[in-house]
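Chemist: Sharing a structure below in structure tokens format, with a few things to ask.
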Amino acid sequence: MVGYLVKGALDREIPLHTNVNVEELIGDGERVIGVRATRDGETLYIKANRGVVLAVSSYERNASYAKTLGHQLKVESMVMPSINGAHLRLAGPVGGRVARVPDVTLLGFHVPGEEQENGVPLWRGALPFLGLPHTIVVNRAGKRFANEGFYRYIYYATDIIDGNTQTHPNYPCWAILDQQARDKYPFGSLMPGQPMPEALRVSADSLEQLAEKIGVDAAALGGTVERFNGFCETGVDEDFHRGTHPWGALMCGDQSRQPNANLGPLERGPFYAIPLHRLAGGGIAASGLVADQHCQVMGWNDEPIAGLYVAGNSQACLDNGAFMQSGITNARGLTHGYLAGRNAAGKPSDLLQQAIQRLGL
Ligand SMILES: Cc1cc2nc3c(=O)[nH]c(=O)nc-3n(C[C@H](O)[C@H](O)[C@H](O)COP(=O)(O)OP(=O)(O)OC[C@H]3O[C@@H](n4cnc5c(N)ncnc54)[C@H](O)[C@@H]3O)c2cc1C
């Protein structure tokens with residue numbers, strides 16, 4: 001997708017400048033007219049004839065912003081270190097308004113030795129692997145707590161707070177799998193049959209020993225696996241309805257297993273427990289700049305800031321409904337860019353007006 005967009009820009013002789021860090025917006029008292037940036041230690045001033053579009057993604061690599069805006073403590077991240085909240089620092093001095101929207105917490109793991117730029121550990125989302133057959137996720141009580149094959153269930157359940165005990169009952173949590181899963185399926189970058197590094201997992205020949213090693217009640221874990229294995233025989237997960245969402249069956253199921261692509265018993269040792277770590281939202285941190293229907297950044301006075309637009313994850317996720325929607329972030333980023341471009345070119349989209357008239361609002 002990005003390759004197609006880059007080609008589209010190059011075909012239209014639109015110059016692309018890489019390795020440029022935008023440091024400040026420049027205004028003339030009435031509108032934003034450009035930016036101050038740096039490249040390889042050199043300062044650049046770039047004039048904007050029509051407007052500046054902030055599209056620097058979100059803030060999840062900025063621990064302080066993740067804590068104060070997202071209420072997320074001790075989260076790791078899958079995204080590159082540069083996703084650190086530049087849109088908030090840039091738009092703040094010109095009065096850009098911020099909306100705080102609840103963030104989604106993902107689950108992930110780090111394969112020892114895997115790094116991204118500058119030696120930053122590469123964290124991987126666990127989502128595609130948790131709903132595979134021969135795999136479950138349990139909390140410290142040794143119990144399953146969600147449909148592991150559907151992110152909108154398990155991620156929500158991970159964040160639940162028990163008000164009585166003031167704890168997260170479902171975090172910490174572990175992916176529990178057996179040797180069949182290791183023989184048949186990948187886990188992150190680890191291919192089927194490839195040994196799992198010891199630093200990633202705990203393993204044991206029996207479930208009892210595994211439970212002991214991770215500090216979970218052995219009888220509870222044994223009971224959980226026995227019940228889950230029973231569901232695998234009938235093909236119906238009576239507790240969490242795993243395998244009933246087509247998304248889960250396609251994204252983290254084994255189509256060769258029918259009638260339920262997400263079910264398969266845990267019965268052949270050795271057994272593995274992988275501690276799952278909280279990850280911020282994969283670049284989809286939800287708080288951000290408030291925009292109007294033309295993607296102009298709004299000020300705190302509810303007036304658009306002339307010459308300043310926002311697209312993609314820099315824009316507050318006020319359009320996502322109750323929870324993150326899969327695949328929506330790229331779609332909304334593309335739409336924002338289109339709307340901002342139309343407005344900056346003096347041909348604002350009238351799609352919203354059309355919809356209002358059509359619906360009689
Ligand atoms: C593993 C993974 C899988 C995903 N899968 C999907 C999917 O299937 N479908 C989907 O829709 N979305 C998916 N997403 C999310 C999607 O990739 C992001 O939401 C999307 O790329 C965000 O686009 P963006 O333009 O807002 O920001 P980005 O694509 O992150 O681009 C922001 C850019 O701004 C740069 N930048 C930051 N600060 C500055 C500054 N001060 N000056 C200049 N540049 C700066 C950054 O370096 C970065 O290059 C996935 C994300 C991850 C991590």
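If you're wondering about the labels, chains in the structure tokens are A, B, ... by order shown, residues count from 1 in each chain, ligands from 1 in order shown.
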Would you mind listing the residues within 9 Å of ligand 1, counting only C-alpha atoms and all ligand atoms, as a PyMOL selection string?

Modeler: chain A and resi 2+18-24+37-38+54-58+77-87+89-90+124-125+281-285+311-315+325-334

Chemist: Extract the full set of helix (DSSP H, G or I) residues from segment 97-345 of chain A according to DSSP on the backbone, and format it as JSON, numbers by chain.

Modeler: {"A": [117, 118, 119, 127, 128, 129, 130, 151, 152, 153, 154, 155, 156, 157, 158, 159, 179, 180, 181, 182, 183, 184, 207, 208, 209, 210, 211, 212, 213, 214, 218, 219, 220, 221, 222, 223, 224, 225, 226, 227, 228, 229, 230, 231, 232, 233, 234, 246, 247, 248, 249, 250, 251, 252, 312, 313, 314, 328, 329, 330, 331, 332, 333, 334, 335, 336, 337, 338, 339, 340, 341, 342, 343, 344]}

Chemist: Listing only residues of segment 128-151 of chain A within 6 Å of segment 218-241 of chain A, what is the closest atom pair and its distance in Å (to one decimal) for each, using only C-alpha atoms, sorted by chain and residue number ascending, as a tab-separated table?

Modeler:
```
residue	atom	partner	partner_atom	distance
A:Gly142	CA	A:Leu221	CA	4.5
A:Lys143	CA	A:Thr224	CA	5.9
A:Ala146	CA	A:Phe240	CA	5.7
A:Asn147	CA	A:Phe240	CA	4.9
```

Chemist: The selected residues should be written to file as a short mmCIF file (atom, residue, chain, number, x, y, z; two decimals), in the first residue's frame (atoms: N, CA and C atoms).

Modeler:
```
data_model
loop_
_atom_site.label_atom_id
_atom_site.label_comp_id
_atom_site.auth_asym_id
_atom_site.auth_seq_id
_atom_site.Cartn_x
_atom_site.Cartn_y
_atom_site.Cartn_z
N GLY A 142 -5.02 -19.60 36.94
CA GLY A 142 -4.96 -20.81 36.11
C GLY A 142 -6.20 -20.98 35.24
N LYS A 143 -6.96 -19.89 35.05
CA LYS A 143 -8.21 -19.99 34.30
C LYS A 143 -8.16 -19.21 33.00
N ALA A 146 -11.15 -15.44 28.33
CA ALA A 146 -11.68 -14.79 27.13
C ALA A 146 -11.56 -15.72 25.94
N ASN A 147 -12.18 -15.30 24.86
CA ASN A 147 -11.99 -15.95 23.56
C ASN A 147 -10.62 -15.53 23.04
#
```

Chemist: Suppose you want the space between atom CA of Asn262 of chain A and atom CA of Thr167 of chain A; what is it in Å?

Modeler: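 Going from atom CA of Asn262 of chain A over to atom CA of Thr167 of chain A, I get 29.6 Å.
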
Chemist: Quote the spacing between atom CA of Tyr59 of chain A and atom CA of Gly92 of chain A in Å to one decimal place.

Modeler: 13.9 Å

Chemist: How far is it from atom CA of Gly41 of chain A to atom CA of Leu10 of chain A, in Å with one decimal?

Modeler: 26.3 Å

Chemist: Nearest to Gly149 of chain A among A:Leu127, A:Ala340, A:Cys317, A:Cys173, with distances taken over only C-alpha atoms: which residue is it?

Modeler: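 Answer, going by the shortest atom-to-atom distance: A:Leu127.
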
Chemist: Which of these residues is nearest to Val94 of chain A, using only C-alpha atoms: A:Ala48, A:Leu339, A:Leu122, A:Leu308?

Modeler: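 Of all the options, A:Leu308 lies closest to Val94 of chain A.
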
Chemist: Given the choices A:Ala344, A:Ala286, A:Ile161, A:Ala126, which gets closest to Glu60 of chain A if the distance is worked out from only C-alpha atoms?

Modeler: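 Once distances to Glu60 of chain A are computed over only C-alpha atoms, the minimum belongs to A:Ala286.
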
Chemist: For Ala199 of chain A, work out the shell of residues within 9 Å, counting only C-alpha atoms and skipping chain neighbours fewer than 3 positions away, then give it as JSON, numbers by chain.

Modeler: {"A": [111, 112, 196, 202]}

Chemist: Pick from A:Gly163, A:Leu266, A:Phe150, A:Ser206: nearest to Thr244 of chain A, with only C-alpha atoms counted?

Modeler: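 Residue with the minimum atom-to-atom distance to Thr244 of chain A: A:Phe150.
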
Chemist: When distances are computed from only C-alpha atoms, which of A:Glu13, A:Asp159, A:Glu117, A:Asp350 shows the smallest separation from Asp103 of chain A?

Modeler: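 So, comparing all the options, the nearest one is A:Asp159.
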
Chemist: Calculated over only C-alpha atoms, which of the candidates A:His110, A:Arg100, A:His294, A:Arg50 has the smallest distance to Arg201 of chain A?

Modeler: A:His110

Chemist: Quick one: everything within 12 Å of Gly29 of chain A, counting only C-alpha atoms, minus sequence neighbours fewer than 2 positions away in the same chain. Send it as a list in words.

Modeler: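 My list of contacting residues is Leu25, Ile26, Gly27, Arg31, Val32, Ile33, Val94, Ile305, Ala306 and Gly307 of chain A.
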
Chemist: Convert the current residue selection to file output with all heavy atoms, as a PDB file, in the first residue's frame.

Modeler:
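Okay, result.pdb is ready:
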```pdb
ATOM      1  N   LEU A  25       6.227  24.271  14.274  1.00  0.00           N
ATOM      2  CA  LEU A  25       5.380  24.885  13.250  1.00  0.00           C
ATOM      3  C   LEU A  25       5.643  26.384  13.245  1.00  0.00           C
ATOM      4  O   LEU A  25       5.875  26.986  14.297  1.00  0.00           O
ATOM      5  CB  LEU A  25       3.898  24.641  13.558  1.00  0.00           C
ATOM      6  CG  LEU A  25       3.436  23.183  13.578  1.00  0.00           C
ATOM      7  CD1 LEU A  25       1.976  23.100  14.013  1.00  0.00           C
ATOM      8  CD2 LEU A  25       3.616  22.551  12.200  1.00  0.00           C
ATOM      9  N   ILE A  26       5.565  26.968  12.062  1.00  0.00           N
ATOM     10  CA  ILE A  26       5.784  28.408  11.967  1.00  0.00           C
ATOM     11  C   ILE A  26       4.486  29.064  11.499  1.00  0.00           C
ATOM     12  O   ILE A  26       3.848  28.590  10.542  1.00  0.00           O
ATOM     13  CB  ILE A  26       6.921  28.725  10.971  1.00  0.00           C
ATOM     14  CG1 ILE A  26       8.215  28.097  11.488  1.00  0.00           C
ATOM     15  CG2 ILE A  26       7.093  30.229  10.803  1.00  0.00           C
ATOM     16  CD1 ILE A  26       9.349  28.171  10.501  1.00  0.00           C
ATOM     17  N   GLY A  27       4.074  30.118  12.193  1.00  0.00           N
ATOM     18  CA  GLY A  27       2.854  30.830  11.828  1.00  0.00           C
ATOM     19  C   GLY A  27       3.157  32.288  11.540  1.00  0.00           C
ATOM     20  O   GLY A  27       4.228  32.801  11.905  1.00  0.00           O
ATOM     21  N   ARG A  31      -2.123  32.179  10.284  1.00  0.00           N
ATOM     22  CA  ARG A  31      -2.204  30.784   9.859  1.00  0.00           C
ATOM     23  C   ARG A  31      -0.823  30.127   9.947  1.00  0.00           C
ATOM     24  O   ARG A  31       0.200  30.814  10.059  1.00  0.00           O
ATOM     25  CB  ARG A  31      -2.755  30.670   8.440  1.00  0.00           C
ATOM     26  CG  ARG A  31      -1.989  31.462   7.402  1.00  0.00           C
ATOM     27  CD  ARG A  31      -2.647  31.407   6.032  1.00  0.00           C
ATOM     28  NE  ARG A  31      -2.621  30.074   5.472  1.00  0.00           N
ATOM     29  CZ  ARG A  31      -3.708  29.346   5.222  1.00  0.00           C
ATOM     30  NH1 ARG A  31      -4.905  29.813   5.476  1.00  0.00           N
ATOM     31  NH2 ARG A  31      -3.600  28.139   4.705  1.00  0.00           N
ATOM     32  N   VAL A  32      -0.833  28.804   9.879  1.00  0.00           N
ATOM     33  CA  VAL A  32       0.433  28.066   9.856  1.00  0.00           C
ATOM     34  C   VAL A  32       0.983  28.152   8.443  1.00  0.00           C
ATOM     35  O   VAL A  32       0.280  27.852   7.471  1.00  0.00           O
ATOM     36  CB  VAL A  32       0.203  26.596  10.277  1.00  0.00           C
ATOM     37  CG1 VAL A  32       1.476  25.777  10.093  1.00  0.00           C
ATOM     38  CG2 VAL A  32      -0.273  26.527  11.729  1.00  0.00           C
ATOM     39  N   ILE A  33       2.239  28.586   8.329  1.00  0.00           N
ATOM     40  CA  ILE A  33       2.792  28.816   6.978  1.00  0.00           C
ATOM     41  C   ILE A  33       4.026  27.960   6.689  1.00  0.00           C
ATOM     42  O   ILE A  33       4.620  28.074   5.624  1.00  0.00           O
ATOM     43  CB  ILE A  33       3.152  30.299   6.765  1.00  0.00           C
ATOM     44  CG1 ILE A  33       4.131  30.770   7.850  1.00  0.00           C
ATOM     45  CG2 ILE A  33       1.897  31.160   6.735  1.00  0.00           C
ATOM     46  CD1 ILE A  33       4.823  32.078   7.490  1.00  0.00           C
ATOM     47  N   VAL A  94       0.548  26.141  19.049  1.00  0.00           N
ATOM     48  CA  VAL A  94      -0.385  26.939  18.237  1.00  0.00           C
ATOM     49  C   VAL A  94      -1.832  26.686  18.669  1.00  0.00           C
ATOM     50  O   VAL A  94      -2.768  27.101  17.995  1.00  0.00           O
ATOM     51  CB  VAL A  94      -0.217  26.675  16.716  1.00  0.00           C
ATOM     52  CG1 VAL A  94       1.175  27.081  16.264  1.00  0.00           C
ATOM     53  CG2 VAL A  94      -0.508  25.233  16.348  1.00  0.00           C
ATOM     54  N   ILE A 305      -7.702  25.718  13.151  1.00  0.00           N
ATOM     55  CA  ILE A 305      -6.455  26.485  13.066  1.00  0.00           C
ATOM     56  C   ILE A 305      -6.079  26.562  11.587  1.00  0.00           C
ATOM     57  O   ILE A 305      -5.818  25.527  10.954  1.00  0.00           O
ATOM     58  CB  ILE A 305      -5.346  25.804  13.891  1.00  0.00           C
ATOM     59  CG1 ILE A 305      -5.753  25.773  15.373  1.00  0.00           C
ATOM     60  CG2 ILE A 305      -4.004  26.501  13.696  1.00  0.00           C
ATOM     61  CD1 ILE A 305      -4.839  24.945  16.246  1.00  0.00           C
ATOM     62  N   ALA A 306      -6.080  27.759  11.038  1.00  0.00           N
ATOM     63  CA  ALA A 306      -5.872  27.914   9.589  1.00  0.00           C
ATOM     64  C   ALA A 306      -4.513  27.354   9.174  1.00  0.00           C
ATOM     65  O   ALA A 306      -3.489  27.621   9.813  1.00  0.00           O
ATOM     66  CB  ALA A 306      -5.976  29.387   9.213  1.00  0.00           C
ATOM     67  N   GLY A 307      -4.533  26.551   8.128  1.00  0.00           N
ATOM     68  CA  GLY A 307      -3.285  26.028   7.567  1.00  0.00           C
ATOM     69  C   GLY A 307      -2.749  24.797   8.269  1.00  0.00           C
ATOM     70  O   GLY A 307      -1.660  24.334   7.934  1.00  0.00           O
TER      71      GLY A 307
END
```

Chemist: Using DSSP secondary structure from the backbone, list all strand (DSSP E) positions within segment 51-152 of chain A, as a list in words.

Modeler: Val52, Val53, Leu54, Val98, Ala99, Leu106, Leu107, Gly108, Phe109, His110, Val111, Pro112, Gly113, Glu114, Glu115, Pro121, Leu122, Trp123, Arg124, Gly125, Thr135, Ile136, Val137, Val138 and Asn139 of chain A
